[in-house]
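Everything on this sheet refers to the single structure shown next.
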Number of protein chains: 2
Amino acid sequence: MALALPVPEPPWPQSLSPLKAVDDLLRCGICFDYFSIAMIIPQCSHNYCSLCIRKFLSYKTQCPTCCVAASESDLKNNRMLDELVKSFNSARQQLFQLVLDTPLISSPL
Amino acid sequence: MALALPVPEPPWPQSLSPLKAVDDLLRCGICFDYFSIAMIIPQCSHNYCSLCIRKFLSYKTQCPTCCVAASESDLKNNRMLDELVKSFNSARQQLFQLVLDTPLISSPL
Ligand SMILES: [Zn+2]
Ligand SMILES: [Zn+2]
Ligand SMILES: [Zn+2]
Ligand SMILES: [Zn+2]
């Protein structure tokens with residue numbers, strides 16, 4: 001869950017656009033930010049930020065995506081997603097910088 | 001689990017090396033290939049290919065990484081990892097090709 005006001009994100013350079021699909025997968029379907037303490041609903045395999053899904057389940061006991069019955073006690077940490085968010089976000093920033101510093105890269109594709 | 005003989009993978013171009021950490025996370029700790037039907041052990045959050053972990057648990061009922069007690073009935077699908085493997089692998093191939101086709105990209109870093 002984003003705790004600060006959303007900062008507009010720079011557009012994806014054309015040459016890095018294949019990574020956009022990975023970026024999309026690492027975002028929570030409730031807040032659309034990167035997962036923050038990702039939790040999995042084991043019965044359907046959907047994932048959300050811990051705060052986002054706990055808040056949702058407190059008023060409706062089902063998965064927001066597929067509507068399977070779910071409650072807070074079902075949630076399990078999906079720590080791999082936290083590690084992926086960290087590594088991917090770092091790589092994304094380094095590659096964006098590389099493209100900005102090397103204008104030739106952005107043109108060929 | 002890799003079903004074919006392992007094919008030597010091309011080395012990572014220097015300019016794409018920030019993505020290596022993401023690549024490492026998407027690999028199973030038993031077979032070292034990308035997750036194939038990823039399963040999570042919910043009590044410790046570790047993940048393996050379905051075939052790899054089922055084979056392991058059939059002779060030792062614990063997580064191969066952290067040794068927490070685990071059995072086949074604990075395993076849950078972690079479908080997000082399957083989707084991430086698919087998207088990341090596709091992006092990786094496109095970016096490798098881009099770097100190969102644009103020699104200037106590989107030199108600046
Ligand atoms: Zn969220
Ligand atoms: Zn669901
Ligand atoms: Zn495996
Ligand atoms: Zn474990």
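Please note that chains go A, B, ... in the order of the structure tokens, that every chain numbers its residues from 1, and that ligands are numbered from 1 in the order shown.
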*Skipping near chain neighbours, those fewer than 4 positions away, what residues fall within 12 Å of Leu16 of chain A using only C-alpha atoms, listed as a PyMOL selection string?*
(chain A and resi 11-12+20-23+91-100+105-109) or (chain B and resi 15-16+19+88+91-96+98-99)
Now that the selection is made, can you save its residues with N, CA and C atoms as a short mmCIF file (atom, residue, chain, number, x, y, z; two decimals), in the first residue's frame?
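Result written to selection21.cif:
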data_model
loop_
_atom_site.label_atom_id
_atom_site.label_comp_id
_atom_site.auth_asym_id
_atom_site.auth_seq_id
_atom_site.Cartn_x
_atom_site.Cartn_y
_atom_site.Cartn_z
N PRO A 11 7.36 7.57 -18.28
CA PRO A 11 6.91 6.57 -19.26
C PRO A 11 8.03 5.57 -19.54
N TRP A 12 7.65 4.35 -19.98
CA TRP A 12 8.64 3.32 -20.27
C TRP A 12 9.30 3.60 -21.61
N LYS A 20 7.48 -4.26 -19.20
CA LYS A 20 6.25 -3.68 -18.66
C LYS A 20 5.30 -4.78 -18.14
N ALA A 21 5.26 -5.91 -18.82
CA ALA A 21 4.37 -7.01 -18.40
C ALA A 21 4.79 -7.56 -17.04
N VAL A 22 6.11 -7.60 -16.79
CA VAL A 22 6.60 -8.05 -15.48
C VAL A 22 6.21 -7.03 -14.42
N ASP A 23 6.40 -5.76 -14.76
CA ASP A 23 6.03 -4.67 -13.83
C ASP A 23 4.56 -4.77 -13.43
N ALA A 91 16.46 -2.95 -10.63
CA ALA A 91 16.89 -3.17 -12.02
C ALA A 91 16.23 -2.16 -12.95
N ARG A 92 14.96 -1.91 -12.75
CA ARG A 92 14.21 -0.97 -13.58
C ARG A 92 14.87 0.42 -13.51
N GLN A 93 15.17 0.86 -12.29
CA GLN A 93 15.79 2.18 -12.15
C GLN A 93 17.14 2.25 -12.84
N GLN A 94 17.94 1.18 -12.70
CA GLN A 94 19.26 1.17 -13.34
C GLN A 94 19.13 1.18 -14.86
N LEU A 95 18.17 0.42 -15.39
CA LEU A 95 18.01 0.35 -16.85
C LEU A 95 17.44 1.65 -17.41
N PHE A 96 16.49 2.26 -16.70
CA PHE A 96 15.97 3.58 -17.12
C PHE A 96 17.12 4.58 -17.22
N GLN A 97 17.98 4.56 -16.20
CA GLN A 97 19.10 5.50 -16.17
C GLN A 97 20.04 5.25 -17.34
N LEU A 98 20.28 3.96 -17.61
CA LEU A 98 21.16 3.59 -18.72
C LEU A 98 20.60 4.11 -20.05
N VAL A 99 19.30 3.97 -20.24
CA VAL A 99 18.67 4.42 -21.48
C VAL A 99 18.74 5.95 -21.57
N LEU A 100 18.49 6.63 -20.44
CA LEU A 100 18.56 8.10 -20.44
C LEU A 100 19.97 8.60 -20.76
N ILE A 105 20.21 4.10 -27.41
CA ILE A 105 19.50 2.88 -27.08
C ILE A 105 18.00 3.00 -27.32
N SER A 106 17.48 4.19 -27.09
CA SER A 106 16.03 4.31 -27.15
C SER A 106 15.50 4.37 -28.58
N SER A 107 16.38 4.64 -29.53
CA SER A 107 15.89 4.80 -30.90
C SER A 107 15.68 3.52 -31.72
N PRO A 108 16.55 2.48 -31.59
CA PRO A 108 16.45 1.40 -32.58
C PRO A 108 15.12 0.67 -32.61
N LEU A 109 14.46 0.51 -31.47
CA LEU A 109 13.17 -0.21 -31.52
C LEU A 109 12.02 0.77 -31.46
N SER B 15 25.00 -4.61 -19.95
CA SER B 15 23.95 -3.60 -19.79
C SER B 15 22.68 -4.16 -19.18
N LEU B 16 22.48 -5.48 -19.26
CA LEU B 16 21.26 -6.08 -18.71
C LEU B 16 21.50 -6.75 -17.36
N LEU B 19 19.19 -7.17 -14.26
CA LEU B 19 18.05 -8.12 -14.26
C LEU B 19 18.45 -9.51 -13.77
N PHE B 88 8.80 -12.71 -17.70
CA PHE B 88 10.20 -12.34 -17.57
C PHE B 88 11.05 -13.02 -18.63
N ALA B 91 10.56 -11.26 -21.89
CA ALA B 91 11.23 -9.95 -21.89
C ALA B 91 12.74 -10.14 -22.02
N ARG B 92 13.27 -11.10 -21.30
CA ARG B 92 14.71 -11.37 -21.33
C ARG B 92 15.17 -11.70 -22.75
N GLN B 93 14.41 -12.56 -23.43
CA GLN B 93 14.79 -12.93 -24.79
C GLN B 93 14.73 -11.72 -25.73
N GLN B 94 13.71 -10.89 -25.58
CA GLN B 94 13.60 -9.70 -26.44
C GLN B 94 14.73 -8.72 -26.17
N LEU B 95 15.08 -8.54 -24.89
CA LEU B 95 16.15 -7.58 -24.57
C LEU B 95 17.52 -8.11 -24.99
N PHE B 96 17.75 -9.43 -24.83
CA PHE B 96 19.01 -10.02 -25.31
C PHE B 96 19.14 -9.76 -26.82
N LEU B 98 17.74 -7.45 -28.60
CA LEU B 98 17.95 -6.02 -28.85
C LEU B 98 19.42 -5.65 -28.66
N VAL B 99 20.02 -6.17 -27.60
CA VAL B 99 21.43 -5.87 -27.32
C VAL B 99 22.32 -6.47 -28.41
#
_Just want the residues within 10 Å of ligand 4, written as a PyMOL selection string, counting only C-alpha atoms and all ligand atoms._
chain B and resi 40-48+62-70
*Please, which residues have at least one atom within 12 Å of an atom of ligand 1, using only C-alpha atoms and all ligand atoms, listed as a ChimeraX atom specification?*
/A:1-3,26-39,47-56,64
Contacts between ligand 2 and chain B, please, where a residue of chain B counts if it comes within 12 Å (with only C-alpha atoms and all ligand atoms); show its shortest atom pair and distance in Å to one decimal, rows by chain and ascending number, as JSON lines.
{"residue": "B:Asn78", "atom": "CA", "partner": "ligand 2", "partner_atom_place_in_ligand_line": "1 (Zn)", "distance": 11.8}
{"residue": "B:Arg79", "atom": "CA", "partner": "ligand 2", "partner_atom_place_in_ligand_line": "1 (Zn)", "distance": 11.0}
{"residue": "B:Met80", "atom": "CA", "partner": "ligand 2", "partner_atom_place_in_ligand_line": "1 (Zn)", "distance": 11.5}
Export of prior selection with C-alpha atoms as a short mmCIF file (atom, residue, chain, number, x, y, z; two decimals), in the first residue's frame:
data_model
loop_
_atom_site.label_atom_id
_atom_site.label_comp_id
_atom_site.auth_asym_id
_atom_site.auth_seq_id
_atom_site.Cartn_x
_atom_site.Cartn_y
_atom_site.Cartn_z
CA ASN B 78 1.85 -19.94 -6.39
CA ARG B 79 0.51 -19.09 -9.86
CA MET B 80 1.91 -15.56 -9.83
#
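Between chain B and the residues A:Pro10, A:Ser58, A:Ser90, A:Ser71, the shortest atom-to-atom distance, using only C-alpha atoms, involves A:Ser90.
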_I need the helix (DSSP H, G or I) residues of chain B per DSSP on the backbone, written as a VMD selection string._
chain B and resid 14 to 25 50 to 59 72 to 74 79 to 101 103 to 106
Quick one: write out the picked residues with C-alpha atoms as a PDB file, in the first residue's frame?
ATOM      1  CA  GLN B  14      26.721  -6.115 -19.097  1.00  0.00           C
ATOM      2  CA  SER B  15      23.953  -3.601 -19.794  1.00  0.00           C
ATOM      3  CA  LEU B  16      21.255  -6.081 -18.708  1.00  0.00           C
ATOM      4  CA  SER B  17      23.060  -7.373 -15.633  1.00  0.00           C
ATOM      5  CA  PRO B  18      20.684  -5.574 -13.195  1.00  0.00           C
ATOM      6  CA  LEU B  19      18.054  -8.120 -14.261  1.00  0.00           C
ATOM      7  CA  LYS B  20      20.210 -11.067 -13.186  1.00  0.00           C
ATOM      8  CA  ALA B  21      18.972 -10.769  -9.581  1.00  0.00           C
ATOM      9  CA  VAL B  22      15.362 -11.064 -10.797  1.00  0.00           C
ATOM     10  CA  ASP B  23      16.320 -14.067 -12.925  1.00  0.00           C
ATOM     11  CA  ASP B  24      17.921 -15.782  -9.923  1.00  0.00           C
ATOM     12  CA  LEU B  25      14.777 -15.330  -7.811  1.00  0.00           C
ATOM     13  CA  SER B  50       5.758 -28.942  -8.306  1.00  0.00           C
ATOM     14  CA  LEU B  51       7.632 -32.083  -9.443  1.00  0.00           C
ATOM     15  CA  CYS B  52      10.884 -31.105  -7.680  1.00  0.00           C
ATOM     16  CA  ILE B  53       9.311 -30.541  -4.253  1.00  0.00           C
ATOM     17  CA  ARG B  54       6.948 -33.536  -4.451  1.00  0.00           C
ATOM     18  CA  LYS B  55       9.886 -35.803  -5.208  1.00  0.00           C
ATOM     19  CA  PHE B  56      11.894 -34.289  -2.349  1.00  0.00           C
ATOM     20  CA  LEU B  57       9.038 -34.529   0.186  1.00  0.00           C
ATOM     21  CA  SER B  58       8.456 -38.163  -0.709  1.00  0.00           C
ATOM     22  CA  TYR B  59      11.684 -39.080   1.064  1.00  0.00           C
ATOM     23  CA  GLU B  72       2.752 -32.736   0.145  1.00  0.00           C
ATOM     24  CA  SER B  73      -0.671 -31.739   1.524  1.00  0.00           C
ATOM     25  CA  ASP B  74       0.775 -28.368   2.679  1.00  0.00           C
ATOM     26  CA  ARG B  79       0.509 -19.085  -9.857  1.00  0.00           C
ATOM     27  CA  MET B  80       1.913 -15.560  -9.833  1.00  0.00           C
ATOM     28  CA  LEU B  81       5.398 -17.078 -10.085  1.00  0.00           C
ATOM     29  CA  ASP B  82       4.381 -19.058 -13.186  1.00  0.00           C
ATOM     30  CA  GLU B  83       3.085 -15.851 -14.789  1.00  0.00           C
ATOM     31  CA  LEU B  84       6.238 -13.970 -13.791  1.00  0.00           C
ATOM     32  CA  VAL B  85       8.462 -16.697 -15.271  1.00  0.00           C
ATOM     33  CA  LYS B  86       6.542 -16.487 -18.553  1.00  0.00           C
ATOM     34  CA  SER B  87       6.639 -12.674 -18.805  1.00  0.00           C
ATOM     35  CA  PHE B  88      10.205 -12.339 -17.567  1.00  0.00           C
ATOM     36  CA  ASN B  89      11.578 -15.036 -19.865  1.00  0.00           C
ATOM     37  CA  SER B  90       9.887 -13.404 -22.850  1.00  0.00           C
ATOM     38  CA  ALA B  91      11.232  -9.952 -21.886  1.00  0.00           C
ATOM     39  CA  ARG B  92      14.715 -11.369 -21.328  1.00  0.00           C
ATOM     40  CA  GLN B  93      14.785 -12.931 -24.792  1.00  0.00           C
ATOM     41  CA  GLN B  94      13.597  -9.703 -26.441  1.00  0.00           C
ATOM     42  CA  LEU B  95      16.148  -7.584 -24.568  1.00  0.00           C
ATOM     43  CA  PHE B  96      19.012 -10.017 -25.310  1.00  0.00           C
ATOM     44  CA  GLN B  97      18.079  -9.815 -28.982  1.00  0.00           C
ATOM     45  CA  LEU B  98      17.946  -6.019 -28.849  1.00  0.00           C
ATOM     46  CA  VAL B  99      21.427  -5.868 -27.316  1.00  0.00           C
ATOM     47  CA  LEU B 100      22.802  -8.331 -29.890  1.00  0.00           C
ATOM     48  CA  ASP B 101      21.270  -6.314 -32.732  1.00  0.00           C
ATOM     49  CA  PRO B 103      26.191  -3.464 -30.429  1.00  0.00           C
ATOM     50  CA  LEU B 104      26.421   0.102 -29.099  1.00  0.00           C
ATOM     51  CA  ILE B 105      24.156  -0.789 -26.209  1.00  0.00           C
ATOM     52  CA  SER B 106      26.471  -3.334 -24.698  1.00  0.00           C
TER      53      SER B 106
END
